[in-house]
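A quick write-up on the structure given underneath.
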Amino acid sequence: MRAVHVFCKEKTMSDQDKVWPTGLTQAESEEIHRNLIQGTQIFGMIAAFAHLLAFIYSPWLK
Amino acid sequence: MIYSKMWLVVKPSVGIPVFIAAVAIASFSVHLALTLNTTWVKSFLNGGAKVVATAPADAAAKK
């Protein structure tokens, strides 16, 4: 019974210790994605601010 | 977090440079198209703000 439980646990997506083909675990993958999202948000905010300055101080869209 | 498991099947050493390159190429293309298809960028970079400011007046004077 225990062997079956361990076997099933290894097959589930929720196993945090499973190493996937990219060499990452699920927790590591989520950490990378969290940092990528944060970087994208910071880039987006800087870009939005730059476009605001361009709109104010250049003839763009006028 | 949605799509956070994509890095289990896509190597970050490949996927992240592809993502950044896609953003860079798209951004460069848009700005290149803007500079090639408008007339005000060149005059603006030459200090042409006065030209832009007086353009409506010039247009009115010509009428």
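Ordered as shown in the structure tokens, chains take letters A, B, and onward, while each chain numbers its residues from 1 and ligands are numbered from 1 in the order shown.
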Could the residues of chain A that have an atom at most 6 Å from chain B be listed as CSV, each with its closest atom pair and the distance in Å to one decimal, counting only C-alpha atoms and ordered by chain and ascending residue number?
```
residue,atom,partner,partner_atom,distance
A:Trp20,CA,B:Leu8,CA,5.5
A:Thr22,CA,B:Lys11,CA,5.2
A:Ser29,CA,B:Trp7,CA,5.2
A:Glu30,CA,B:Ser4,CA,5.0
A:His33,CA,B:Ser4,CA,5.3
```
| query | With only C-alpha atoms as the basis for distance, which of B:Gly47, B:His31, B:Lys42, B:Asn37 is at the shortest distance from A:His51? | reply |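 Closest to A:His51 of all the choices is B:His31.
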| Any idea what the distance is between atom CA of A:Ala48 and atom CA of B:Ala33? |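 So the two atoms, atom CA of A:Ala48 and atom CA of B:Ala33, lie 19.1 Å apart.
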| Please, what distance in Å, to one decimal, runs between atom CA of B:Val23 and atom CA of A:Thr40? |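 So the two atoms, atom CA of B:Val23 and atom CA of A:Thr40, lie 10.1 Å apart.
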